[in-house]
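Enquirer: So here's query03.pdb, just PDB, C-alpha atoms and all ligand atoms:
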ATOM      1  CA  MET A   1     100.969  96.836 -62.725  1.00  0.00           C
ATOM      2  CA  PRO A   2     102.610  95.479 -65.911  1.00  0.00           C
ATOM      3  CA  SER A   3     102.602  97.640 -69.020  1.00  0.00           C
ATOM      4  CA  TYR A   4     100.436  96.250 -71.821  1.00  0.00           C
ATOM      5  CA  LYS A   5     100.612  97.010 -75.548  1.00  0.00           C
ATOM      6  CA  LEU A   6      98.106  95.265 -77.805  1.00  0.00           C
ATOM      7  CA  THR A   7      98.859  95.251 -81.529  1.00  0.00           C
ATOM      8  CA  TYR A   8      96.139  94.170 -83.934  1.00  0.00           C
ATOM      9  CA  PHE A   9      94.341  95.388 -87.031  1.00  0.00           C
ATOM     10  CA  ASP A  10      91.818  98.215 -86.993  1.00  0.00           C
ATOM     11  CA  PHE A  11      88.857  96.016 -86.268  1.00  0.00           C
ATOM     12  CA  LYS A  12      87.360  93.978 -83.459  1.00  0.00           C
ATOM     13  CA  GLY A  13      88.176  90.456 -84.695  1.00  0.00           C
ATOM     14  CA  ARG A  14      90.557  88.420 -82.576  1.00  0.00           C
ATOM     15  CA  GLY A  15      91.811  91.466 -80.706  1.00  0.00           C
ATOM     16  CA  GLU A  16      88.486  92.306 -79.114  1.00  0.00           C
ATOM     17  CA  ILE A  17      88.549  89.622 -76.428  1.00  0.00           C
ATOM     18  CA  MET A  18      91.616  91.285 -74.886  1.00  0.00           C
ATOM     19  CA  ARG A  19      90.056  94.716 -75.235  1.00  0.00           C
ATOM     20  CA  TYR A  20      86.976  93.413 -73.347  1.00  0.00           C
ATOM     21  CA  ILE A  21      89.127  91.991 -70.550  1.00  0.00           C
ATOM     22  CA  PHE A  22      91.064  95.240 -70.230  1.00  0.00           C
ATOM     23  CA  ALA A  23      87.816  97.223 -70.229  1.00  0.00           C
ATOM     24  CA  TYR A  24      86.252  94.967 -67.590  1.00  0.00           C
ATOM     25  CA  THR A  25      89.279  95.303 -65.300  1.00  0.00           C
ATOM     26  CA  ASN A  26      89.813  98.968 -66.089  1.00  0.00           C
ATOM     27  CA  THR A  27      93.409  98.160 -67.060  1.00  0.00           C
ATOM     28  CA  PRO A  28      95.348 100.757 -69.048  1.00  0.00           C
ATOM     29  CA  TYR A  29      96.903  99.491 -72.286  1.00  0.00           C
ATOM     30  CA  GLU A  30      98.074 100.761 -75.649  1.00  0.00           C
ATOM     31  CA  ASP A  31      95.642  99.795 -78.414  1.00  0.00           C
ATOM     32  CA  ILE A  32      97.810  99.849 -81.547  1.00  0.00           C
ATOM     33  CA  ARG A  33      95.816  99.331 -84.761  1.00  0.00           C
ATOM     34  CA  ILE A  34      97.714  98.541 -87.949  1.00  0.00           C
ATOM     35  CA  GLN A  35      95.945  99.293 -91.216  1.00  0.00           C
ATOM     36  CA  PHE A  36      95.617  96.150 -93.334  1.00  0.00           C
ATOM     37  CA  SER A  37      97.270  97.955 -96.284  1.00  0.00           C
ATOM     38  CA  GLU A  38     100.374  98.540 -94.129  1.00  0.00           C
ATOM     39  CA  TRP A  39     100.535  94.992 -92.816  1.00  0.00           C
ATOM     40  CA  PRO A  40     102.923  93.486 -95.428  1.00  0.00           C
ATOM     41  CA  ALA A  41     105.600  95.976 -94.341  1.00  0.00           C
ATOM     42  CA  HIS A  42     105.194  94.938 -90.676  1.00  0.00           C
ATOM     43  CA  LYS A  43     104.496  91.212 -90.873  1.00  0.00           C
ATOM     44  CA  ALA A  44     108.117  89.995 -90.677  1.00  0.00           C
ATOM     45  CA  SER A  45     108.756  91.996 -87.511  1.00  0.00           C
ATOM     46  CA  PHE A  46     106.270  89.867 -85.510  1.00  0.00           C
ATOM     47  CA  PRO A  47     107.543  86.551 -84.122  1.00  0.00           C
ATOM     48  CA  PHE A  48     104.935  84.355 -85.853  1.00  0.00           C
ATOM     49  CA  GLY A  49     103.927  86.837 -88.559  1.00  0.00           C
ATOM     50  CA  LYS A  50     100.383  87.022 -87.153  1.00  0.00           C
ATOM     51  CA  LEU A  51      98.292  89.415 -85.096  1.00  0.00           C
ATOM     52  CA  PRO A  52      97.147  90.028 -82.438  1.00  0.00           C
ATOM     53  CA  VAL A  53     100.142  90.143 -80.155  1.00  0.00           C
ATOM     54  CA  LEU A  54     100.285  91.485 -76.631  1.00  0.00           C
ATOM     55  CA  GLU A  55     103.465  93.004 -75.272  1.00  0.00           C
ATOM     56  CA  ILE A  56     103.702  92.594 -71.517  1.00  0.00           C
ATOM     57  CA  ASP A  57     106.520  94.644 -69.993  1.00  0.00           C
ATOM     58  CA  GLY A  58     108.259  94.676 -73.370  1.00  0.00           C
ATOM     59  CA  VAL A  59     107.967  90.938 -74.098  1.00  0.00           C
ATOM     60  CA  VAL A  60     105.846  89.996 -77.121  1.00  0.00           C
ATOM     61  CA  TYR A  61     103.259  87.198 -76.754  1.00  0.00           C
ATOM     62  CA  SER A  62     101.124  85.728 -79.541  1.00  0.00           C
ATOM     63  CA  GLN A  63      97.892  83.693 -79.768  1.00  0.00           C
ATOM     64  CA  SER A  64      94.844  85.674 -78.689  1.00  0.00           C
ATOM     65  CA  LEU A  65      93.176  82.893 -76.734  1.00  0.00           C
ATOM     66  CA  ALA A  66      96.293  81.791 -74.846  1.00  0.00           C
ATOM     67  CA  ILE A  67      96.906  85.402 -73.848  1.00  0.00           C
ATOM     68  CA  SER A  68      93.252  85.947 -72.935  1.00  0.00           C
ATOM     69  CA  ARG A  69      93.232  82.839 -70.758  1.00  0.00           C
ATOM     70  CA  TYR A  70      96.270  84.214 -68.946  1.00  0.00           C
ATOM     71  CA  LEU A  71      94.642  87.640 -68.499  1.00  0.00           C
ATOM     72  CA  ALA A  72      91.340  86.097 -67.419  1.00  0.00           C
ATOM     73  CA  LYS A  73      93.031  84.113 -64.662  1.00  0.00           C
ATOM     74  CA  GLN A  74      94.338  87.310 -63.122  1.00  0.00           C
ATOM     75  CA  SER A  75      91.119  89.252 -63.587  1.00  0.00           C
ATOM     76  CA  GLY A  76      88.442  87.131 -61.940  1.00  0.00           C
ATOM     77  CA  LEU A  77      87.220  86.150 -65.427  1.00  0.00           C
ATOM     78  CA  ALA A  78      88.371  82.533 -65.346  1.00  0.00           C
ATOM     79  CA  GLY A  79      86.518  79.604 -63.792  1.00  0.00           C
ATOM     80  CA  LYS A  80      86.093  79.274 -60.051  1.00  0.00           C
ATOM     81  CA  THR A  81      86.958  75.588 -60.220  1.00  0.00           C
ATOM     82  CA  PRO A  82      89.040  73.444 -62.608  1.00  0.00           C
ATOM     83  CA  LEU A  83      85.802  71.925 -63.928  1.00  0.00           C
ATOM     84  CA  ASP A  84      84.412  75.390 -64.655  1.00  0.00           C
ATOM     85  CA  ASP A  85      87.656  76.133 -66.515  1.00  0.00           C
ATOM     86  CA  LEU A  86      87.200  72.953 -68.529  1.00  0.00           C
ATOM     87  CA  HIS A  87      83.694  74.037 -69.444  1.00  0.00           C
ATOM     88  CA  ILE A  88      84.940  77.514 -70.390  1.00  0.00           C
ATOM     89  CA  ASP A  89      87.704  76.075 -72.579  1.00  0.00           C
ATOM     90  CA  ILE A  90      85.221  73.789 -74.329  1.00  0.00           C
ATOM     91  CA  VAL A  91      83.051  76.801 -75.195  1.00  0.00           C
ATOM     92  CA  ILE A  92      86.094  78.768 -76.370  1.00  0.00           C
ATOM     93  CA  ASP A  93      87.399  75.906 -78.525  1.00  0.00           C
ATOM     94  CA  HIS A  94      84.048  75.209 -80.204  1.00  0.00           C
ATOM     95  CA  LEU A  95      83.656  78.876 -81.072  1.00  0.00           C
ATOM     96  CA  ASP A  96      87.268  79.087 -82.203  1.00  0.00           C
ATOM     97  CA  ASP A  97      86.732  76.086 -84.514  1.00  0.00           C
ATOM     98  CA  LEU A  98      83.897  78.003 -86.150  1.00  0.00           C
ATOM     99  CA  VAL A  99      85.916  81.216 -86.439  1.00  0.00           C
ATOM    100  CA  ALA A 100      89.103  79.572 -87.707  1.00  0.00           C
ATOM    101  CA  LEU A 101      87.530  77.969 -90.801  1.00  0.00           C
ATOM    102  CA  PHE A 102      85.036  80.734 -91.639  1.00  0.00           C
ATOM    103  CA  PRO A 103      85.812  82.020 -95.163  1.00  0.00           C
ATOM    104  CA  TRP A 104      86.665  85.573 -94.059  1.00  0.00           C
ATOM    105  CA  LEU A 105      88.545  86.576 -97.186  1.00  0.00           C
ATOM    106  CA  THR A 106      86.121  85.479 -99.913  1.00  0.00           C
ATOM    107  CA  ASP A 107      84.213  88.013-102.022  1.00  0.00           C
ATOM    108  CA  ASP A 108      81.276  85.630-102.168  1.00  0.00           C
ATOM    109  CA  ASN A 109      78.995  85.918 -99.136  1.00  0.00           C
ATOM    110  CA  GLU A 110      77.080  82.863-100.361  1.00  0.00           C
ATOM    111  CA  LYS A 111      80.170  80.825 -99.451  1.00  0.00           C
ATOM    112  CA  ARG A 112      80.061  82.218 -95.936  1.00  0.00           C
ATOM    113  CA  LYS A 113      76.380  81.400 -95.672  1.00  0.00           C
ATOM    114  CA  GLU A 114      76.942  77.847 -96.885  1.00  0.00           C
ATOM    115  CA  TYR A 115      79.740  77.437 -94.341  1.00  0.00           C
ATOM    116  CA  MET A 116      77.528  78.644 -91.479  1.00  0.00           C
ATOM    117  CA  ASP A 117      74.518  76.603 -92.591  1.00  0.00           C
ATOM    118  CA  LYS A 118      76.705  73.526 -92.531  1.00  0.00           C
ATOM    119  CA  ASN A 119      78.747  74.165 -89.376  1.00  0.00           C
ATOM    120  CA  ALA A 120      77.013  76.617 -87.061  1.00  0.00           C
ATOM    121  CA  PRO A 121      73.963  74.579 -85.930  1.00  0.00           C
ATOM    122  CA  ALA A 122      76.054  71.906 -84.196  1.00  0.00           C
ATOM    123  CA  VAL A 123      78.165  74.470 -82.341  1.00  0.00           C
ATOM    124  CA  LEU A 124      75.393  76.916 -81.474  1.00  0.00           C
ATOM    125  CA  GLY A 125      72.893  74.175 -80.691  1.00  0.00           C
ATOM    126  CA  GLY A 126      75.422  72.487 -78.394  1.00  0.00           C
ATOM    127  CA  LEU A 127      76.254  75.728 -76.613  1.00  0.00           C
ATOM    128  CA  GLU A 128      72.575  76.635 -76.237  1.00  0.00           C
ATOM    129  CA  LYS A 129      71.877  73.258 -74.685  1.00  0.00           C
ATOM    130  CA  SER A 130      74.901  73.457 -72.392  1.00  0.00           C
ATOM    131  CA  LEU A 131      73.602  76.711 -70.914  1.00  0.00           C
ATOM    132  CA  GLY A 132      70.611  74.987 -69.308  1.00  0.00           C
ATOM    133  CA  ASN A 133      69.140  77.541 -66.915  1.00  0.00           C
ATOM    134  CA  ASN A 134      72.458  79.267 -66.302  1.00  0.00           C
ATOM    135  CA  LYS A 135      72.969  82.977 -66.875  1.00  0.00           C
ATOM    136  CA  PHE A 136      76.472  82.515 -68.269  1.00  0.00           C
ATOM    137  CA  PHE A 137      78.491  79.610 -69.676  1.00  0.00           C
ATOM    138  CA  ALA A 138      80.208  78.825 -66.371  1.00  0.00           C
ATOM    139  CA  GLY A 139      77.034  79.195 -64.287  1.00  0.00           C
ATOM    140  CA  ASP A 140      75.854  82.308 -62.507  1.00  0.00           C
ATOM    141  CA  TYR A 141      79.019  84.375 -63.043  1.00  0.00           C
ATOM    142  CA  VAL A 142      80.538  86.001 -66.103  1.00  0.00           C
ATOM    143  CA  THR A 143      83.784  84.701 -67.585  1.00  0.00           C
ATOM    144  CA  TRP A 144      85.897  85.362 -70.634  1.00  0.00           C
ATOM    145  CA  ALA A 145      83.935  82.648 -72.499  1.00  0.00           C
ATOM    146  CA  ASP A 146      80.874  84.915 -72.413  1.00  0.00           C
ATOM    147  CA  PHE A 147      82.987  87.773 -73.750  1.00  0.00           C
ATOM    148  CA  PHE A 148      84.374  85.585 -76.540  1.00  0.00           C
ATOM    149  CA  TRP A 149      80.881  84.519 -77.573  1.00  0.00           C
ATOM    150  CA  ASP A 150      79.913  88.189 -77.831  1.00  0.00           C
ATOM    151  CA  ASN A 151      83.013  88.886 -79.962  1.00  0.00           C
ATOM    152  CA  CYS A 152      82.256  85.936 -82.257  1.00  0.00           C
ATOM    153  CA  TYR A 153      78.637  87.038 -82.543  1.00  0.00           C
ATOM    154  CA  ASP A 154      79.737  90.478 -83.776  1.00  0.00           C
ATOM    155  CA  MET A 155      82.023  88.973 -86.415  1.00  0.00           C
ATOM    156  CA  PHE A 156      79.486  86.498 -87.811  1.00  0.00           C
ATOM    157  CA  GLU A 157      76.482  88.800 -87.556  1.00  0.00           C
ATOM    158  CA  HIS A 158      78.113  91.311 -89.877  1.00  0.00           C
ATOM    159  CA  TYR A 159      78.153  88.755 -92.710  1.00  0.00           C
ATOM    160  CA  ILE A 160      75.194  86.557 -91.785  1.00  0.00           C
ATOM    161  CA  PRO A 161      72.570  88.738 -90.085  1.00  0.00           C
ATOM    162  CA  GLY A 162      70.340  86.757 -87.749  1.00  0.00           C
ATOM    163  CA  PHE A 163      72.652  83.726 -87.715  1.00  0.00           C
ATOM    164  CA  ALA A 164      71.927  83.152 -83.994  1.00  0.00           C
ATOM    165  CA  ASN A 165      68.231  84.003 -83.918  1.00  0.00           C
ATOM    166  CA  ALA A 166      67.209  80.419 -83.196  1.00  0.00           C
ATOM    167  CA  TYR A 167      69.259  80.413 -79.971  1.00  0.00           C
ATOM    168  CA  PRO A 168      67.506  82.610 -77.373  1.00  0.00           C
ATOM    169  CA  LYS A 169      69.738  81.524 -74.500  1.00  0.00           C
ATOM    170  CA  LEU A 170      72.854  82.499 -76.428  1.00  0.00           C
ATOM    171  CA  LEU A 171      71.303  85.853 -77.263  1.00  0.00           C
ATOM    172  CA  ALA A 172      70.464  86.328 -73.580  1.00  0.00           C
ATOM    173  CA  VAL A 173      74.106  85.718 -72.595  1.00  0.00           C
ATOM    174  CA  ARG A 174      75.100  88.421 -75.056  1.00  0.00           C
ATOM    175  CA  LYS A 175      72.553  90.808 -73.570  1.00  0.00           C
ATOM    176  CA  ARG A 176      73.887  90.151 -70.066  1.00  0.00           C
ATOM    177  CA  VAL A 177      77.447  90.839 -71.222  1.00  0.00           C
ATOM    178  CA  HIS A 178      76.281  94.138 -72.706  1.00  0.00           C
ATOM    179  CA  GLU A 179      74.636  95.062 -69.403  1.00  0.00           C
ATOM    180  CA  ILE A 180      77.985  95.013 -67.588  1.00  0.00           C
ATOM    181  CA  PRO A 181      78.714  98.744 -67.144  1.00  0.00           C
ATOM    182  CA  ALA A 182      82.424  98.534 -68.094  1.00  0.00           C
ATOM    183  CA  ILE A 183      81.627  96.551 -71.242  1.00  0.00           C
ATOM    184  CA  ALA A 184      78.728  98.857 -72.168  1.00  0.00           C
ATOM    185  CA  ALA A 185      81.075 101.842 -71.788  1.00  0.00           C
ATOM    186  CA  TRP A 186      83.722 100.209 -73.998  1.00  0.00           C
ATOM    187  CA  ILE A 187      81.175  99.306 -76.687  1.00  0.00           C
ATOM    188  CA  LYS A 188      80.002 102.914 -76.674  1.00  0.00           C
ATOM    189  CA  LYS A 189      83.457 104.387 -77.021  1.00  0.00           C
ATOM    190  CA  ARG A 190      85.283 101.857 -79.215  1.00  0.00           C
ATOM    191  CA  PRO A 191      86.070 102.687 -82.845  1.00  0.00           C
ATOM    192  CA  VAL A 192      83.199 101.701 -85.150  1.00  0.00           C
ATOM    193  CA  THR A 193      84.313  98.872 -87.441  1.00  0.00           C
ATOM    194  CA  ASP A 194      82.472  96.230 -89.470  1.00  0.00           C
ATOM    195  CA  ILE A 195      83.874  93.129 -87.828  1.00  0.00           C
TER
HETATM  196  N1  LIG B   1      95.056  81.636 -83.600  1.00  0.00           N
HETATM  197  C1  LIG B   1      95.623  82.939 -83.844  1.00  0.00           C
HETATM  198  C2  LIG B   1      95.204  83.422 -85.216  1.00  0.00           C
HETATM  199  C3  LIG B   1      96.053  84.578 -85.665  1.00  0.00           C
HETATM  200  C4  LIG B   1      95.642  85.033 -87.055  1.00  0.00           C
HETATM  201  O1  LIG B   1      95.360  84.200 -87.943  1.00  0.00           O
HETATM  202  N2  LIG B   1      95.614  86.345 -87.260  1.00  0.00           N
HETATM  203  C5  LIG B   1      95.225  86.898 -88.536  1.00  0.00           C
HETATM  204  C6  LIG B   1      94.219  88.023 -88.312  1.00  0.00           C
HETATM  205  S1  LIG B   1      92.807  87.511 -87.391  1.00  0.00           S
HETATM  206  C7  LIG B   1      96.453  87.485 -89.218  1.00  0.00           C
HETATM  207  O2  LIG B   1      97.421  87.840 -88.570  1.00  0.00           O
HETATM  208  N3  LIG B   1      96.365  87.617 -90.544  1.00  0.00           N
HETATM  209  C8  LIG B   1      97.402  88.244 -91.332  1.00  0.00           C
HETATM  210  C9  LIG B   1      98.392  87.257 -91.889  1.00  0.00           C
HETATM  211  O3  LIG B   1      98.246  86.024 -91.676  1.00  0.00           O
HETATM  212  O4  LIG B   1      99.314  87.710 -92.554  1.00  0.00           O
HETATM  213  C10 LIG B   1      95.143  83.894 -82.740  1.00  0.00           C
HETATM  214  O5  LIG B   1      94.053  83.671 -82.195  1.00  0.00           O
HETATM  215  O6  LIG B   1      95.868  84.839 -82.383  1.00  0.00           O
END
Could you express the structure from this file as C-alpha cells?
Ligand SMILES: N[C@@H](CCC(=O)N[C@@H](CS)C(=O)NCC(=O)O)C(=O)O
Expert:
Amino acid sequence: MPSYKLTYFDFKGRGEIMRYIFAYTNTPYEDIRIQFSEWPAHKASFPFGKLPVLEIDGVVYSQSLAISRYLAKQSGLAGKTPLDDLHIDIVIDHLDDLVALFPWLTDDNEKRKEYMDKNAPAVLGGLEKSLGNNKFFAGDYVTWADFFWDNCYDMFEHYIPGFANAYPKLLAVRKRVHEIPAIAAWIKKRPVTDI
C-alpha cells in the first residue's frame, strides 16, 4: 500500500473529502494540520503555494478534487460506468463553483448570505432535481460526490444555518452518508472545528 501524507489546515474545508475517502477505505495516512498563523512561513515550500496537498510515496500532489477523483477510482467510490462518472463530476463541479466564490474571508456574514441567496438556489435546486428517486447522486450506491456534498454542507451550514432546508432529498443524501459506519466513526473522532 502506498504511504499517504495529507497536509492541510486545521479544519475540515477542502481537506475533508480526502479524509472521508481514507476513513471509508480504512486507509492509514498522516493528517498534518498547519495552523493558519504559521502558514506564511510554509507557503513557499508547497509547489503551488496552496493546500491541501497529498504526498503519495514521497511525491507531492495538489488540487483536492483531482486527488480525490484519483483516490475514489481506487476505492470503489467512483462511478460504475463512464456516464455515472460524468454525473458525479457534474455534481462535484457545481458544488465546487459554489465553494470557490463563497466569500470565506469577509468579516461581514451578510455578504455571505447575499452570495448564497443569489447563487445557491440554482445549484441546490438542480442537484435536488437530479436526484429523482435515487438514494445517492450516482444512483443506488455511494460515491465521492455524496461525500463532497456532505463536506460542502458542513462548510456552508456554519455560516448560513439552514441554507439547505428547502432541499429534503439533499438532506437525505447527507443522512445516508452519515449512516455509513466508517464515516460515522470518523465524524465522531475527528477534531472539532468550525468549518
Ligand atoms: N482548487 C484548490 C484550492 C486550493 C486553495 O485555494 N486552498 C486554500 C485553502 S482552502 C489555500 O491554500 N489558501 C491559502 C493561500 O492561498 O495562501 C483545491 O481544491 O485544492
Enquirer: Skipping near chain neighbours, those fewer than 3 positions away, what residues fall within 12 Å of Glu38 of chain A using all atoms listed in the file, listed as an MDAnalysis selection string?
Expert: chainID A and resid 8:10 33:35 41:43
Enquirer: Give the answer as one residue: which of A:Phe136, A:Tyr159, A:Trp186, A:Trp39 has the shortest atom-to-atom distance to Met18 of chain A, using all atoms listed in the file?
Expert: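 When distances to Met18 of chain A are compared using all atoms listed in the file, the smallest one comes from A:Trp186.
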Enquirer: Pick out the residues no farther than 9 Å from ligand LIG 1 (chain B), counting only C-alpha atoms and all ligand atoms, and list them as a PDB file with C-alpha atoms, in the frame of the given file.
Expert:
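Output contents, as saved in out_3.pdb:
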ATOM      1  CA  TYR A   8      96.139  94.170 -83.934  1.00  0.00           C
ATOM      2  CA  PHE A   9      94.341  95.388 -87.031  1.00  0.00           C
ATOM      3  CA  GLY A  13      88.176  90.456 -84.695  1.00  0.00           C
ATOM      4  CA  ARG A  14      90.557  88.420 -82.576  1.00  0.00           C
ATOM      5  CA  GLY A  15      91.811  91.466 -80.706  1.00  0.00           C
ATOM      6  CA  PHE A  36      95.617  96.150 -93.334  1.00  0.00           C
ATOM      7  CA  TRP A  39     100.535  94.992 -92.816  1.00  0.00           C
ATOM      8  CA  PRO A  40     102.923  93.486 -95.428  1.00  0.00           C
ATOM      9  CA  LYS A  43     104.496  91.212 -90.873  1.00  0.00           C
ATOM     10  CA  PHE A  48     104.935  84.355 -85.853  1.00  0.00           C
ATOM     11  CA  GLY A  49     103.927  86.837 -88.559  1.00  0.00           C
ATOM     12  CA  LYS A  50     100.383  87.022 -87.153  1.00  0.00           C
ATOM     13  CA  LEU A  51      98.292  89.415 -85.096  1.00  0.00           C
ATOM     14  CA  PRO A  52      97.147  90.028 -82.438  1.00  0.00           C
ATOM     15  CA  VAL A  53     100.142  90.143 -80.155  1.00  0.00           C
ATOM     16  CA  SER A  62     101.124  85.728 -79.541  1.00  0.00           C
ATOM     17  CA  GLN A  63      97.892  83.693 -79.768  1.00  0.00           C
ATOM     18  CA  SER A  64      94.844  85.674 -78.689  1.00  0.00           C
ATOM     19  CA  LEU A  65      93.176  82.893 -76.734  1.00  0.00           C
ATOM     20  CA  ALA A  66      96.293  81.791 -74.846  1.00  0.00           C
ATOM     21  CA  ILE A  67      96.906  85.402 -73.848  1.00  0.00           C
ATOM     22  CA  ASP A  96      87.268  79.087 -82.203  1.00  0.00           C
ATOM     23  CA  ALA A 100      89.103  79.572 -87.707  1.00  0.00           C
TER      24      ALA A 100
END
Enquirer: Of the candidates A:Arg19, A:His158, A:Lys175, A:Lys169, which one gets nearest to Ala72 of chain A if we count all atoms listed in the file?
Expert: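 Of A:Arg19, A:His158, A:Lys175, A:Lys169, the one nearest Ala72 of chain A, counting all atoms listed in the file, is A:Arg19.
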Enquirer: What is the atom CA of Asp150 of chain A to atom CA of Leu86 of chain A distance in Å?
Expert: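 The value is 19.3 Å.
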Enquirer: Please write as a ChimeraX atom specification the list of polymer residues whose atoms come within 7 Å of (96.7, 94.2, -75.1), counting all atoms listed in the file and keeping to the coordinates of the file.
Expert: /A:4-7,18-19,29-31,54-55
Enquirer: Given the selection you just returned, output its residues as a file containing C-alpha atoms, formatted as a PDB file, in the frame of the given file.
Expert:
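See selection.pdb below for the written result:
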ATOM      1  CA  TYR A   4     100.436  96.250 -71.821  1.00  0.00           C
ATOM      2  CA  LYS A   5     100.612  97.010 -75.548  1.00  0.00           C
ATOM      3  CA  LEU A   6      98.106  95.265 -77.805  1.00  0.00           C
ATOM      4  CA  THR A   7      98.859  95.251 -81.529  1.00  0.00           C
ATOM      5  CA  MET A  18      91.616  91.285 -74.886  1.00  0.00           C
ATOM      6  CA  ARG A  19      90.056  94.716 -75.235  1.00  0.00           C
ATOM      7  CA  TYR A  29      96.903  99.491 -72.286  1.00  0.00           C
ATOM      8  CA  GLU A  30      98.074 100.761 -75.649  1.00  0.00           C
ATOM      9  CA  ASP A  31      95.642  99.795 -78.414  1.00  0.00           C
ATOM     10  CA  LEU A  54     100.285  91.485 -76.631  1.00  0.00           C
ATOM     11  CA  GLU A  55     103.465  93.004 -75.272  1.00  0.00           C
TER      12      GLU A  55
END
Enquirer: Using all atoms listed in the file and a cutoff of 12 Å, can you tell me which residues are near (77.4, 90.6, -74.6) in the file's coordinates, and write them out as a ChimeraX atom specification?
Expert: /A:17,20,135-136,142-154,169-184,186-187
Enquirer: Quick one, how far is atom CA of Asn165 of chain A from atom CA of Glu16 of chain A?
Expert: 22.4 Å
Enquirer: For the file shown, what are the residues hit by the PyMOL selection byres (((chain A and resi 112-114) around 12) and not hetatm), laid out as JSON, numbers by chain?
Expert: {"A": [98, 99, 101, 102, 103, 104, 105, 106, 107, 108, 109, 110, 111, 115, 116, 117, 118, 119, 120, 121, 155, 156, 157, 158, 159, 160, 161, 162, 163]}
Enquirer: Keeping C-alpha atoms, export the residues of the selection given above as a short mmCIF file (atom, residue, chain, number, x, y, z; two decimals), in the frame of the given file.
Expert:
data_model
loop_
_atom_site.label_atom_id
_atom_site.label_comp_id
_atom_site.auth_asym_id
_atom_site.auth_seq_id
_atom_site.Cartn_x
_atom_site.Cartn_y
_atom_site.Cartn_z
CA LEU A 98 83.90 78.00 -86.15
CA VAL A 99 85.92 81.22 -86.44
CA LEU A 101 87.53 77.97 -90.80
CA PHE A 102 85.04 80.73 -91.64
CA PRO A 103 85.81 82.02 -95.16
CA TRP A 104 86.66 85.57 -94.06
CA LEU A 105 88.54 86.58 -97.19
CA THR A 106 86.12 85.48 -99.91
CA ASP A 107 84.21 88.01 -102.02
CA ASP A 108 81.28 85.63 -102.17
CA ASN A 109 79.00 85.92 -99.14
CA GLU A 110 77.08 82.86 -100.36
CA LYS A 111 80.17 80.82 -99.45
CA TYR A 115 79.74 77.44 -94.34
CA MET A 116 77.53 78.64 -91.48
CA ASP A 117 74.52 76.60 -92.59
CA LYS A 118 76.70 73.53 -92.53
CA ASN A 119 78.75 74.17 -89.38
CA ALA A 120 77.01 76.62 -87.06
CA PRO A 121 73.96 74.58 -85.93
CA MET A 155 82.02 88.97 -86.42
CA PHE A 156 79.49 86.50 -87.81
CA GLU A 157 76.48 88.80 -87.56
CA HIS A 158 78.11 91.31 -89.88
CA TYR A 159 78.15 88.76 -92.71
CA ILE A 160 75.19 86.56 -91.78
CA PRO A 161 72.57 88.74 -90.08
CA GLY A 162 70.34 86.76 -87.75
CA PHE A 163 72.65 83.73 -87.72
#
Enquirer: Box for segment 70-85 of chain A - axis-aligned, 6 Å on each of the six sides, all listed atoms - centre and size in Å to one decimal, as lines of an AutoDock Vina configuration file.
Expert:
center_x = 90.3
center_y = 80.6
center_z = -64.5
size_x = 23.9
size_y = 29.3
size_z = 20.9
Enquirer: Which residue out of A:Asp140, A:Glu128, A:Asp194, A:Asp97 has the minimum interatomic distance to Asp84 of chain A when only C-alpha atoms are used?
Expert: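 Checking each of A:Asp140, A:Glu128, A:Asp194, A:Asp97 against Asp84 of chain A, counting only C-alpha atoms, the winner is A:Asp140.
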Enquirer: For the PyMOL selection byres (((chain A and resi 191) around 9) and not hetatm), applied here, can you spell out every residue it catches as JSON, numbers by chain?
Expert: {"A": [10, 11, 12, 187, 188, 189, 190, 192, 193]}
Enquirer: What is the distance between atom CA of Phe22 of chain A and atom CA of Asn134 of chain A, in Å to one decimal?
Expert: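 Separating atom CA of Phe22 of chain A from atom CA of Asn134 of chain A is a distance of 24.8 Å.
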Enquirer: Written as a short mmCIF file (atom, residue, chain, number, x, y, z; two decimals) with C-alpha atoms, in the coordinates of the input, what is the full residue list that the PyMOL selection byres (((chain A and resi 57) around 8) and not hetatm) yields on the file shown?
Expert:
data_model
loop_
_atom_site.label_atom_id
_atom_site.label_comp_id
_atom_site.auth_asym_id
_atom_site.auth_seq_id
_atom_site.Cartn_x
_atom_site.Cartn_y
_atom_site.Cartn_z
CA PRO A 2 102.61 95.48 -65.91
CA SER A 3 102.60 97.64 -69.02
CA TYR A 4 100.44 96.25 -71.82
CA GLU A 55 103.46 93.00 -75.27
CA ILE A 56 103.70 92.59 -71.52
CA GLY A 58 108.26 94.68 -73.37
CA VAL A 59 107.97 90.94 -74.10
#
